[in-house]
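Below: the structure, in structure tokens.
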Amino acid sequence: MHRPAGALWRLRGALRPHRRALVLNAVLAAASMLAGILLPLLARRLLDDHALRGDTDGLPLIAVLTVLCAGGEAVLIALRRLAGSTTALAVEETMRHRLVGRVLTQPAAFHDRHTPAVLATRIVADLAVLRRFVSFGLPFLIINSLTVVVVVALLLWLSWPLGLLVGAATVPLAVLARRWEHSSREVTRQVQQDGETFADLLDESIQGVDTIQAFGRRDEFTARLEEAADRLRRSQRERARRWTALSTLVEGYPSAVLVMVIGAGGAAVWAGAVTVGTLIAFLTLWLFLLWPVQSLSGLMNQLQQAEAAAERVSELLHRPPVPATPPSFRPAKVGSRGAELLLDQVWFRYPQPGPDRRAGPAVLTGLDLRVAAGEQVTVVGAAGSGKSTLAALLTGLYEPSRGRILIDGTDLRHLPADRRAEVVAPVPEHPGLFAGTIGDNVRLGRPEADDAEVAEALRTAQASFVHDLRYGLDEPLTEAGLSLSGGQRRRLALARAFLCRPRLLVLDDPLVGLDPRTAQQVAAAVTERLGGTTVLWLTRHRPLAAFPGRVVRLQGGRIDGRLP
Ligand SMILES: Nc1ncnc2c1ncn2[C@@H]1O[C@H](COP(=O)(O)OP(=O)(O)OP(=O)(O)O)[C@@H](O)[C@H]1O
């Protein structure tokens with residue numbers, strides 16, 4: 001298993017495009033830190049060399065330098081904050097772009113294991129945690145560490161006995177902080193895990209709200225959500241408890257050390273071992289150390305949250321990318337003849353949910369089917385017989401566990417994912433419509449299609465209702481096309497596939513939700529207008545009279561003879 005800190009390191013690729021901005025941030029941070037540290041040293045010169053000796057020569061120069069340093073520090077801090085937040089937003093944008101790209105190209109088996117709520121949490125909430133870390137946590141971890149090193153060196157230079165006293169007093173604090181970091185890492189991860197579980201449940205409940213209300217199960221689902229929220233709150237409270245303990249210690253400890261330094265420093269001035277200016281410079285520098293030390297607990301907390309977020313983001317980001325389209329790939333010409341399909345001893349098992357991801361029972365058990373170019377075949381199978389599974393294999397969402405799927409003799413696996421729709425177009429059981437216009441949705445597979453081609457596809461799908469809508473093809477759809485009826489959504493999904501004019505059409509229960517007359521008209525129009533295309537109708541019911549071609553039965557995971 002990777003260490004979480006390794007996960008943060010593995011995300012460094014997202015910083016690469018912003019190298020210059022990061023270097024500028026580092027320079028601004030170092031300059032503002034140095035300007036701040038110079039102030040007490042100038043104050044020492046002012047006191048020891050001039051004010052206490054009554055020497056006014058050179059006093060104006062030191063006064064001007066002090067003012068410049070103070071003003072410069074303020075300007076540099078403002079610039080550093082501006083540059084830091086701009087860079088962090090740019091880094092977040094880079095990661096989001098890569099993450100969305102990876103998520104949208106993952107196979108169906110991946111999406112079976114990661115719900116939309118979990119993916120949305122990672123893309124939105126985890127990236128926000130990482131952005132805050134890049135804009136605040138990371139720079140301060142670096143600046144504070146540098147400040148501690150430089151200031152401790154200066155303290156030793158000003159007065160090594162007092163410097164050693166401060167250094168020794170800081171050791172127990174560092175040990176305690178390390179122990180805290182170790183013990184609360186697991187709690188931080190638990191908080192994020194509980195957050196994911198809650199997001200999942202919330203997503204499921206909101207999506208199924210109609211069903212929950214219709215069956216009067218509101219109280220039960222509310223109780224489930226409250227239980228998950230309660231688990232999340234308990235783990236958050238545990239983390240807050242640990243954090244409070246550390247921050248109380250870290251904030252109280254320096255005050256105790258300060259009392260020690262004032263006592264020991266006062267005695268040293270009394271004994272003539274250090275000058276008043278040196279003691280004032282020492283105390284001012286020590287105060288300079290307070291913020292780095294006191295912010296330690298907050299930064300550790302942020303670091304842990306960023307590590308846990310990086311672990312989850314990196315798990316998505318480092319998944320294998322979608323294979324590039326090989327230069328030798330020649331897409332089928334739009335409108336060219338249908339493809340020959342051969343399913344050769346195809347077996348398929350879904351991976352089981354759970355950590356061991358063992359394969360489940362076989363859904364397809366050595367399925368053989370040959371469909372000639374331009375032929376239409378109807379596969380009839382009972383609910384759960386594996387029709388949607390077969391459609392998912394044919395559209396490349398899953399790969400067969402065993403056996404081959406050949407299209408015109410080429411293994412489906414060798415068709416690049418981003419060009420597959422040119423060869424095989426699916427009409428899935430649930431039409432996937434998106435917010436946008438009807439035209440955008442129908443043109444999804446062929447954005448370049450003109451209005452005449454779109455109108456023809458709509459006619460074939462018996463979806464001419466679109467022209468009666470107020471804005472026709474420009475009619476806006478709400479999310480998932482929910483402003484349309486189920487039958488209208490299904491016909492748009494059909495039109496979208498027809499518009500691609502693929503060489504093989506895979507229609508998964510395409511006529512469900514259509515009245516028998518419209519269903520017959522669609523079936524007849526497919527034969528009439530898409531003649532030459534190979535079509536595989538997958539359906540639960542015996543076909544209508546208008547269904548053309550051969551009819552076979554899917555049973556027991558294989559093709560079990562013809563239906564009369
Ligand atoms: N994502 C999945 N993970 C695990 N098992 C699945 C998954 N999808 C389907 N199955 C299982 O595979 C079998 C076949 O399901 P499939 O959806 O292919 O049947 P179907 O013939 O399309 O059914 P229906 O006509 O009801 O849509 C079923 O036993 C189902 O439980």
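Chain labels A, B, ... are given in the sequence in which chains occur in the structure tokens; within each chain residues are numbered consecutively from 1, and ligands are likewise numbered from 1 in the order shown.
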
Q) Residues at most 9 Å from Gln304 in chain A, counting only C-alpha atoms, excluding those fewer than 2 positions away in the same chain, as JSON, numbers by chain? A) {"A": [4, 5, 181, 184, 185, 188, 189, 299, 300, 301, 302, 306, 307, 308, 309]}

Serialized selection, N, CA and C atoms, as a tab-separated table (two decimals), in the first residue's frame:
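As written to disk, result_39.tsv reads:
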```tsv
chain	number	residue	atom	x	y	z
A	4	PRO	N	0.20	7.75	2.41
A	4	PRO	CA	-0.57	8.91	1.96
A	4	PRO	C	0.32	10.06	1.51
A	5	ALA	N	1.45	10.30	2.22
A	5	ALA	CA	2.31	11.42	1.82
A	5	ALA	C	2.78	11.19	0.40
A	181	GLU	N	0.33	13.80	14.96
A	181	GLU	CA	0.16	13.61	13.52
A	181	GLU	C	-0.09	12.13	13.21
A	184	SER	N	-3.61	10.85	14.64
A	184	SER	CA	-4.88	11.35	14.10
A	184	SER	C	-5.01	11.16	12.59
A	185	ARG	N	-4.00	10.54	11.96
A	185	ARG	CA	-4.09	10.31	10.51
A	185	ARG	C	-5.29	9.41	10.18
A	188	THR	N	-8.59	11.21	10.44
A	188	THR	CA	-8.83	12.09	9.28
A	188	THR	C	-9.38	11.28	8.12
A	189	ARG	N	-8.80	10.09	7.91
A	189	ARG	CA	-9.25	9.27	6.79
A	189	ARG	C	-10.69	8.77	7.05
A	299	LEU	N	-1.66	23.67	10.56
A	299	LEU	CA	-1.02	23.22	9.31
A	299	LEU	C	-0.97	21.70	9.24
A	300	MET	N	-0.71	21.07	10.41
A	300	MET	CA	-0.68	19.60	10.43
A	300	MET	C	-2.05	19.05	10.06
A	301	ASN	N	-3.08	19.71	10.59
A	301	ASN	CA	-4.44	19.30	10.31
A	301	ASN	C	-4.71	19.40	8.80
A	302	GLN	N	-4.28	20.54	8.23
A	302	GLN	CA	-4.48	20.74	6.78
A	302	GLN	C	-3.69	19.73	5.98
A	306	ALA	N	-5.18	17.15	3.32
A	306	ALA	CA	-4.69	17.18	1.93
A	306	ALA	C	-4.15	15.81	1.53
A	307	GLU	N	-3.49	15.12	2.47
A	307	GLU	CA	-2.96	13.78	2.15
A	307	GLU	C	-4.10	12.81	1.83
A	308	ALA	N	-5.16	12.87	2.68
A	308	ALA	CA	-6.29	11.96	2.44
A	308	ALA	C	-6.97	12.30	1.12
A	309	ALA	N	-7.13	13.61	0.84
A	309	ALA	CA	-7.77	14.03	-0.43
A	309	ALA	C	-6.89	13.60	-1.60
```

Q. Contacts of Leu15 in chain A at 12 Å or less, counting only C-alpha atoms, minus same-chain residues fewer than 3 places along, as a ChimeraX atom specification?
A. /A:8-12,18-23,87-95,130-131,134

Q: For ligand 1, collect every residue having any atom at a distance of at most 6 Å from a ligand atom (counting only C-alpha atoms and all ligand atoms); output as number ranges by chain.
A: A: 112, 350, 363, 381-389, 540

For the selection just defined, write its residues with N, CA and C atoms to a file, as a tab-separated table (two decimals), in the first residue's frame.
```
chain	number	residue	atom	x	y	z
A	112	ASP	N	-19.50	1.16	-12.00
A	112	ASP	CA	-20.28	0.31	-11.11
A	112	ASP	C	-19.78	0.44	-9.67
A	350	TYR	N	-19.85	-10.22	-14.12
A	350	TYR	CA	-19.63	-8.89	-13.55
A	350	TYR	C	-18.69	-9.01	-12.35
A	363	VAL	N	-23.05	-14.41	-16.47
A	363	VAL	CA	-24.31	-13.94	-17.07
A	363	VAL	C	-24.40	-14.48	-18.50
A	381	GLY	N	-35.32	-12.19	-24.87
A	381	GLY	CA	-34.87	-12.81	-23.61
A	381	GLY	C	-35.67	-12.27	-22.45
A	382	ALA	N	-35.92	-13.14	-21.47
A	382	ALA	CA	-36.70	-12.71	-20.30
A	382	ALA	C	-35.92	-11.66	-19.52
A	383	ALA	N	-36.60	-11.00	-18.58
A	383	ALA	CA	-35.93	-10.02	-17.72
A	383	ALA	C	-34.78	-10.70	-17.00
A	384	GLY	N	-33.62	-10.08	-17.03
A	384	GLY	CA	-32.46	-10.64	-16.32
A	384	GLY	C	-31.71	-11.68	-17.11
A	385	SER	N	-32.10	-11.91	-18.38
A	385	SER	CA	-31.43	-12.97	-19.16
A	385	SER	C	-30.07	-12.51	-19.70
A	386	GLY	N	-29.82	-11.19	-19.69
A	386	GLY	CA	-28.50	-10.71	-20.11
A	386	GLY	C	-28.52	-9.85	-21.35
A	387	LYS	N	-29.68	-9.31	-21.74
A	387	LYS	CA	-29.74	-8.50	-22.98
A	387	LYS	C	-28.92	-7.21	-22.83
A	388	SER	N	-29.13	-6.50	-21.70
A	388	SER	CA	-28.39	-5.23	-21.53
A	388	SER	C	-26.90	-5.52	-21.39
A	389	THR	N	-26.58	-6.66	-20.80
A	389	THR	CA	-25.17	-7.03	-20.66
A	389	THR	C	-24.56	-7.21	-22.06
A	540	ARG	N	-37.55	-7.91	-24.67
A	540	ARG	CA	-38.08	-8.83	-23.67
A	540	ARG	C	-39.28	-9.61	-24.23
```

**Q.** Selection near Leu554 in chain A, 7 Å with only C-alpha atoms, sequence-local residues under 4 positions removed, as number ranges by chain
**A.** A: 379-381, 385, 558-560

Just the selected residues (C-alpha atoms), exported as a PDB file, in the first residue's frame, please.
```pdb
ATOM      1  CA  VAL A 379     -32.853 -11.444 -29.628  1.00  0.00           C
ATOM      2  CA  VAL A 380     -35.712 -12.178 -27.254  1.00  0.00           C
ATOM      3  CA  GLY A 381     -34.868 -12.807 -23.609  1.00  0.00           C
ATOM      4  CA  SER A 385     -31.433 -12.971 -19.162  1.00  0.00           C
ATOM      5  CA  ARG A 558     -26.471 -18.329 -24.621  1.00  0.00           C
ATOM      6  CA  ILE A 559     -28.484 -18.250 -27.828  1.00  0.00           C
ATOM      7  CA  ASP A 560     -30.951 -21.044 -27.443  1.00  0.00           C
TER       8      ASP A 560
END
```

Q. Hey, which of A:Ala497, A:Ala373, A:Val259, A:Cys69 ends up closest to Leu39 in chain A? Count only C-alpha atoms.
A.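 Looking at the shortest contact to Leu39 in chain A, the residue is A:Cys69.
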
Q | d(CA of Gly531 in chain A, CA of Arg337 in chain A) in Å | A |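 Interatomic distance here is 8.6 Å.
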
Q. From the set A:Thr478, A:Gly360, A:Val152, A:Ile123, which residue has the shortest atom-to-atom contact distance to Thr170 in chain A, counting only C-alpha atoms?
A.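 Smallest separation from Thr170 in chain A among the options: A:Val152.
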
Q. Any idea what the distance is between CA of Pro431 in chain A and CA of Leu511 in chain A?
A.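 Taking CA of Pro431 in chain A and CA of Leu511 in chain A, their separation equals 11.7 Å.
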
Q. Tell me, which residues of range 344-538 of chain A carry DSSP alpha helix (DSSP H), written as an NGL selection string?
A. :A and (387-394 or 438-442 or 451-460 or 465-468 or 486-500 or 516-529)

Q: Tell me which of A:Leu225, A:Leu24, A:Leu202, A:Ala392 sits closest to Ala83 in chain A, counting only C-alpha atoms.
A: A:Leu24
